[in-house]
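The structure under discussion appears below in the form of structure tokens.
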Amino acid sequence: MSYYKVDNLEQYFKHYNKSVREPRKFWGKIAEENFTWYQQWEKVVDFNMAEADIKWFTEAKLNITKNTIDRHLNKRGTKTAIIFEPNDPNEEALHITYNELHQRVCKMANVLREQGIQKGDRVCIYLPIIPELAVSILACARIGAIHSVVFAGFSASAVATRIMDSACKMVLTADGGFRGNKTIELKEIIDEALEKCPSVTRVLVTKRTNTPIQMKEGRDQWLQPLLEEASDNSVAEIMDAEDPLFILYTSGSTGKPKGMVHTTAGYMVHTAYTFKNVFNYEENDIFWCTADIGWITGHSYIVYGPLLNGATTVIFEGVPSYPDFSRFWQIIEKHQITQFYTAPTAIRALAKESLEYVNSYQLQSLKVIGSVGEPINEEAWHWFNDHVGAKKCPVVDTWWQTETGGIMIAPIAFVTPTKPTYATLPLPGIQPVLMDEKRNEIEGNQLVGSLCIKFPWPGIARTIWGDHQRYKDTYFSDFPGKFFTGDGALRDEVGYYRITGRVDDVVIVSGHNLGTAPIEDAINEHPAVAESAIVGFPHEVKGNALYGFVILKETGEYRNKENLFKEINQHITDHVGPIAKLDKIQFVCELPKTRSGKIMRRILRKIAAGDFTDFGDTSTLLNPEIIDQIKDGKI
Ligand code: WT7
């Protein structure tokens with residue numbers, strides 16, 4: 001029997017139990033039957049959780065692009081691999097077949113090689129959501145270069161930090177990017193970033209907006225002429241199962257972003273398997289994930305997962321509100337989308353607009369709708385289910401993280417009965433546990449705890465680039481022998497999981513995972529600021545918004561608080577990016593701190609949420625009187 005697809009609930013339990021009892025047989029069989037390998041593995045999995053040392057498919061040899069592209073050419077060469085829907089609805093959509101994708105990726109791979117990029121080199125990709133982004137990712141994978149995609153909304157200094165951390169040799173960018181009615185000057189941002197990045201010797205620029213840009217002699221080149229010259233055949237590099245495939249940065253609780261490293265074989269097996277099952281993917285479906293490819297959701301479910309299954313995947317350059325709030329529905333109708341995967345923040349924003357927008361389009365092509373990125377509230381869930389899915393499409397609320405590589409807890413469409421706000425059951429192969437404060441495993445149901453995973457899964461990130469100790473400390477030390485997710489969760493009476501939110505210093509704003517530390521660092525750079533603390537507070541559309549408690553230096557220069565607020569937000573925009581701007585600011589004279597000097601954020605969170613009921617145990621506070629002062633808005 002094949003384990004690749006779960007067809008009904010009974011089979012789910014059968015596969016699940018098999019995956020726990022005999023994980024090696026379970027994943028081994030999936031890996032063997034559904035992918036192309038140059039050489040088989042010795043061990044399916046080899047690990048030591050205490051040391052945070054995890055390997056899957058040891059000694060196996062493969063190239064992931066053989067599996068995302070070449071493998072399909074015989075049967076699906078003329079099938080559309082990528083539909084590109086541009087920002088401007090009047091610009092024609094592009095249909096790229098698997099044959100064309102092969103040519104494009106080979107050409108790009110040859111350009112990279114000619115420019116001196118070799119296996120193991122890091123390439124930073126800072127591009128708009130255009131086909132070149134997917135092609136660049138795959139071209140890196142083809143030659144064994146490690147791609148590090150940086151979200152094209154990050155500021156120059158945030159890009160520079162990421163480029164330097166992994167010492168990228170090359171940057172792939174564009175003159176600019178279209179987003180709604182704005183143009184983003186990507187090349188200009190890269191120029192500024194590169195002033196601090198000596199490792200980068202080559203920049204290749206895609207023409208997208210025709211924005212006039214500076215080209216630095218000896219470093220910068222237009223990509224197009226190089227592609228025209230390049231051969232459209234390129235031999236795929238033979239990669240080890242555990243060779244890094246990519247680095248993707250995520251926020252940490254200290255200022256420095258964590259470069260999560262994903263390796264080749266395990267990530268491939270995990271994303272392919274989860275894509276196929278969660279979304280009930282069938283041949284000829286048209287899959288659309290609205291995420292940005294700069295985040296893990298785009299890596300796994302716009303690029304790798306769909307292409308590994310020979311699917312048609314949609315790449316959308318724009319935003320849900322441009323030219324108006326019907327854009328998503330228009331695209332679903334236009335391309336006859338069968339699976340639509342988006343984020344709660346987008347759902348909430350669209351639900352606020354007139355129903356006319358949704359009702360004016362034919363959405364009958366849809367068969368599965370999905371949500372990812374943060375907990376989906378009940379109201380948004382129902383709106384999505386009623387108005388988008390017409391109550392006939394299962395809503396798959398998928399819980400996972402940059403660190404997990406692929407979906408972990410989610411309904412399998414048409415198999416797992418859904419329940420609003422619940423991510424439901426772990427996928428086969430995933431073994432979640434809830435831990436109590438004493439670090440014991442919670443056995444019963446209807447209880448809340450810290451969500452951990454107690455057995456490795458193929459898609460788990462293997463390390464933090466350049467800092468394995470930090471990887472070990474962050475994920476494997478709070479609950480020894482287990483991977484700690486940073487999330488809290490509740491398990492109901494039938495074993496369904498509901499994610500309750502972060503239990504650490506990460507705030508999820510409009511689905512963007514933001515560490516508070518880098519934002520505080522940016523605020524503290526302002527000359528008037530002595531200290532600051534950021535917390536999240538509930539926001540109708542964004543899920544959470546940021547609230548800053550700021551202590552000013554006593555210079556008295558900054559009397560105009562409104563201007564100061566603007567300047568602080570500008571500092572954040574420059575250092576982190578506009579997504580991290582504060583919605584609210586409060587100037588305070590002190591912050592609630594424990595005797596060991598740690599800011600008690602849970603108190604600030606309650607104040608920010610306007611909840612003054614019970615501040616819990618404040619006995620470890622050095623300055624408990626400050627709570628009343630802050631709550632009363634006194635400085
Ligand atoms: C954090 C990971 C998963 C890819 C996009 C975000 C939150 C994610 C859900 C969900 C409740 C969710 C968690 C998680 N999260 N999906 N379905 N329900 N919370 O990846 O940026 O690494 O963020 O997003 O808090 O830890 P990420």
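Each chain in the structure tokens gets a letter, A, B and so on, in the order shown; residues start at 1 in every chain, and ligands are counted from 1 in the order they appear.
Excluding A:Arg202 itself and any same-chain residue fewer than 5 positions from it, the protein and nucleic acid residues within 12 Å of it, counting only C-alpha atoms, are Val111, Leu112, Glu114, Gln115, Gly116, Ile117, Arg122, Val123, Cys124, Cys168, Lys169, Met170, Val171, Leu172, Thr173, Ile190, Asp191, Leu194, Cys197, Met215, Lys216, Glu217, Gly218, Arg219, Asp220, Gln221, Trp222 and Leu223 of chain A.
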- Can you check which residues of stretch 523-569 of chain A DSSP gives as alpha helix (DSSP H) on the backbone and send them as a ChimeraX atom specification? /A:523-524,561-569
Within 7 Å of stretch 448-463 of chain A using only C-alpha atoms, minus same-chain residues under 6 positions, as an mmCIF file with N, CA and C atoms, in the first residue's frame:
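The new file out38.cif reads:
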data_model
loop_
_atom_site.group_PDB
_atom_site.id
_atom_site.type_symbol
_atom_site.label_atom_id
_atom_site.label_comp_id
_atom_site.auth_asym_id
_atom_site.auth_seq_id
_atom_site.Cartn_x
_atom_site.Cartn_y
_atom_site.Cartn_z
ATOM 1 N N ILE A 54 19.952 16.350 13.806
ATOM 2 C CA ILE A 54 18.923 15.574 13.110
ATOM 3 C C ILE A 54 19.289 15.410 11.646
ATOM 4 N N TRP A 56 18.048 13.279 8.013
ATOM 5 C CA TRP A 56 17.083 12.414 7.327
ATOM 6 C C TRP A 56 17.712 11.910 6.025
ATOM 7 N N MET A 260 17.395 30.291 9.565
ATOM 8 C CA MET A 260 17.021 28.882 9.664
ATOM 9 C C MET A 260 17.516 28.154 8.411
ATOM 10 N N VAL A 261 18.199 27.039 8.638
ATOM 11 C CA VAL A 261 18.771 26.292 7.516
ATOM 12 C C VAL A 261 17.906 25.069 7.223
ATOM 13 N N HIS A 262 17.402 24.995 6.005
ATOM 14 C CA HIS A 262 16.666 23.801 5.578
ATOM 15 C C HIS A 262 17.523 23.002 4.611
ATOM 16 N N GLY A 266 14.865 15.981 3.230
ATOM 17 C CA GLY A 266 13.770 15.991 4.193
ATOM 18 C C GLY A 266 12.748 17.058 3.861
ATOM 19 N N TYR A 267 13.232 18.239 3.523
ATOM 20 C CA TYR A 267 12.335 19.355 3.172
ATOM 21 C C TYR A 267 11.489 18.973 1.949
ATOM 22 N N VAL A 269 10.602 15.943 0.881
ATOM 23 C CA VAL A 269 9.598 14.924 1.187
ATOM 24 C C VAL A 269 8.443 15.539 1.995
ATOM 25 N N HIS A 270 8.804 16.364 2.948
ATOM 26 C CA HIS A 270 7.772 16.948 3.815
ATOM 27 C C HIS A 270 6.832 17.895 3.059
ATOM 28 N N GLU A 403 10.475 27.244 11.059
ATOM 29 C CA GLU A 403 11.343 26.192 11.585
ATOM 30 C C GLU A 403 10.873 24.780 11.206
ATOM 31 N N THR A 404 9.564 24.614 10.980
ATOM 32 C CA THR A 404 9.084 23.252 10.722
ATOM 33 C C THR A 404 9.130 22.901 9.235
ATOM 34 N N GLY A 405 9.354 23.896 8.384
ATOM 35 C CA GLY A 405 9.517 23.641 6.951
ATOM 36 C C GLY A 405 8.212 23.446 6.211
ATOM 37 N N GLY A 406 7.279 22.760 6.831
ATOM 38 C CA GLY A 406 6.004 22.486 6.184
ATOM 39 C C GLY A 406 4.919 22.346 7.234
ATOM 40 N N GLY A 429 3.101 11.349 10.946
ATOM 41 C CA GLY A 429 4.533 11.629 11.073
ATOM 42 C C GLY A 429 4.850 12.728 12.069
ATOM 43 N N ILE A 430 3.838 13.453 12.522
ATOM 44 C CA ILE A 430 4.071 14.583 13.433
ATOM 45 C C ILE A 430 3.566 14.221 14.828
ATOM 46 N N GLN A 431 4.447 14.354 15.825
ATOM 47 C CA GLN A 431 4.064 13.945 17.171
ATOM 48 C C GLN A 431 4.085 15.111 18.161
ATOM 49 N N PRO A 432 2.999 15.902 18.182
ATOM 50 C CA PRO A 432 2.966 17.028 19.116
ATOM 51 C C PRO A 432 2.686 16.569 20.541
ATOM 52 N N VAL A 433 3.164 17.355 21.509
ATOM 53 C CA VAL A 433 2.830 17.135 22.914
ATOM 54 C C VAL A 433 2.610 18.502 23.554
ATOM 55 N N LEU A 434 1.789 18.520 24.601
ATOM 56 C CA LEU A 434 1.616 19.746 25.386
ATOM 57 C C LEU A 434 2.373 19.555 26.692
ATOM 58 N N MET A 435 3.093 20.599 27.087
ATOM 59 C CA MET A 435 3.912 20.505 28.295
ATOM 60 C C MET A 435 3.392 21.498 29.327
ATOM 61 N N ASP A 436 3.409 21.080 30.596
ATOM 62 C CA ASP A 436 2.966 22.017 31.631
ATOM 63 C C ASP A 436 4.159 22.818 32.157
ATOM 64 N N TYR A 471 20.646 27.514 18.066
ATOM 65 C CA TYR A 471 19.571 26.607 17.621
ATOM 66 C C TYR A 471 19.183 25.674 18.766
ATOM 67 N N LYS A 482 12.912 17.555 23.466
ATOM 68 C CA LYS A 482 11.800 17.913 22.577
ATOM 69 C C LYS A 482 12.085 19.222 21.862
ATOM 70 N N PHE A 483 11.389 19.417 20.750
ATOM 71 C CA PHE A 483 11.477 20.676 20.009
ATOM 72 C C PHE A 483 10.377 21.586 20.544
ATOM 73 N N PHE A 484 10.740 22.772 21.037
ATOM 74 C CA PHE A 484 9.758 23.719 21.565
ATOM 75 C C PHE A 484 9.410 24.739 20.490
ATOM 76 N N THR A 485 8.105 24.877 20.248
ATOM 77 C CA THR A 485 7.653 25.704 19.127
ATOM 78 C C THR A 485 7.530 27.187 19.465
ATOM 79 N N ASP A 487 4.859 28.307 20.806
ATOM 80 C CA ASP A 487 3.415 28.525 20.819
ATOM 81 C C ASP A 487 2.761 27.808 21.993
ATOM 82 N N GLY A 488 1.638 28.368 22.425
ATOM 83 C CA GLY A 488 0.794 27.668 23.378
ATOM 84 C C GLY A 488 -0.349 27.030 22.610
ATOM 85 N N ALA A 489 -0.909 25.955 23.159
ATOM 86 C CA ALA A 489 -2.025 25.303 22.470
ATOM 87 C C ALA A 489 -2.954 24.638 23.476
ATOM 88 N N LEU A 490 -4.165 24.441 23.006
ATOM 89 C CA LEU A 490 -5.186 23.748 23.780
ATOM 90 C C LEU A 490 -5.546 22.472 23.017
ATOM 91 N N ARG A 491 -5.795 21.393 23.782
ATOM 92 C CA ARG A 491 -6.234 20.154 23.114
ATOM 93 C C ARG A 491 -7.635 19.835 23.611
#
- With only C-alpha atoms and all ligand atoms as the basis for distance, which of A:Pro592, A:Gly633, A:Pro131, A:Gly373 is at the shortest distance from ligand 1?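 The answer is A:Gly373, which sits nearest to ligand 1.
With only C-alpha atoms and all ligand atoms as the atoms that count, the set of residues no farther than 7 Å from ligand 1 is Thr250, Trp295, Ile296, Thr297, Ser371, Val372, Gly373, Glu374, Pro375, Ile376, Asp397, Thr398, Trp399, Trp400, Gln401, Thr402, Glu403, Ala423, Thr485, Gly486, Asp487, Ile499, Thr500, Gly501, Arg502, Ile508, Gly511, His512 and Asn513 of chain A.
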Assign secondary structure with DSSP using the backbone only, and return the residues of stretch 233-278 of chain A in strand (DSSP E) as a PDB file with C-alpha atoms, in the first residue's frame.
ATOM      1  CA  MET A 239      23.486  16.963  -3.722  1.00  0.00           C
ATOM      2  CA  ASP A 240      23.689  15.143  -0.456  1.00  0.00           C
ATOM      3  CA  PRO A 244      21.607  22.982   2.802  1.00  0.00           C
ATOM      4  CA  LEU A 245      18.937  23.967   0.295  1.00  0.00           C
ATOM      5  CA  PHE A 246      18.187  27.402   1.685  1.00  0.00           C
ATOM      6  CA  ILE A 247      18.440  29.831   4.541  1.00  0.00           C
ATOM      7  CA  LEU A 248      15.405  31.801   5.592  1.00  0.00           C
ATOM      8  CA  TYR A 249      15.562  34.380   8.348  1.00  0.00           C
ATOM      9  CA  THR A 250      13.004  34.512  11.110  1.00  0.00           C
ATOM     10  CA  LYS A 258      17.893  33.585  12.992  1.00  0.00           C
ATOM     11  CA  GLY A 259      18.974  32.131   9.666  1.00  0.00           C
ATOM     12  CA  MET A 260      17.021  28.882   9.664  1.00  0.00           C
ATOM     13  CA  VAL A 261      18.771  26.292   7.516  1.00  0.00           C
ATOM     14  CA  HIS A 262      16.666  23.801   5.578  1.00  0.00           C
ATOM     15  CA  THR A 263      18.313  20.840   3.925  1.00  0.00           C
TER      16      THR A 263
END
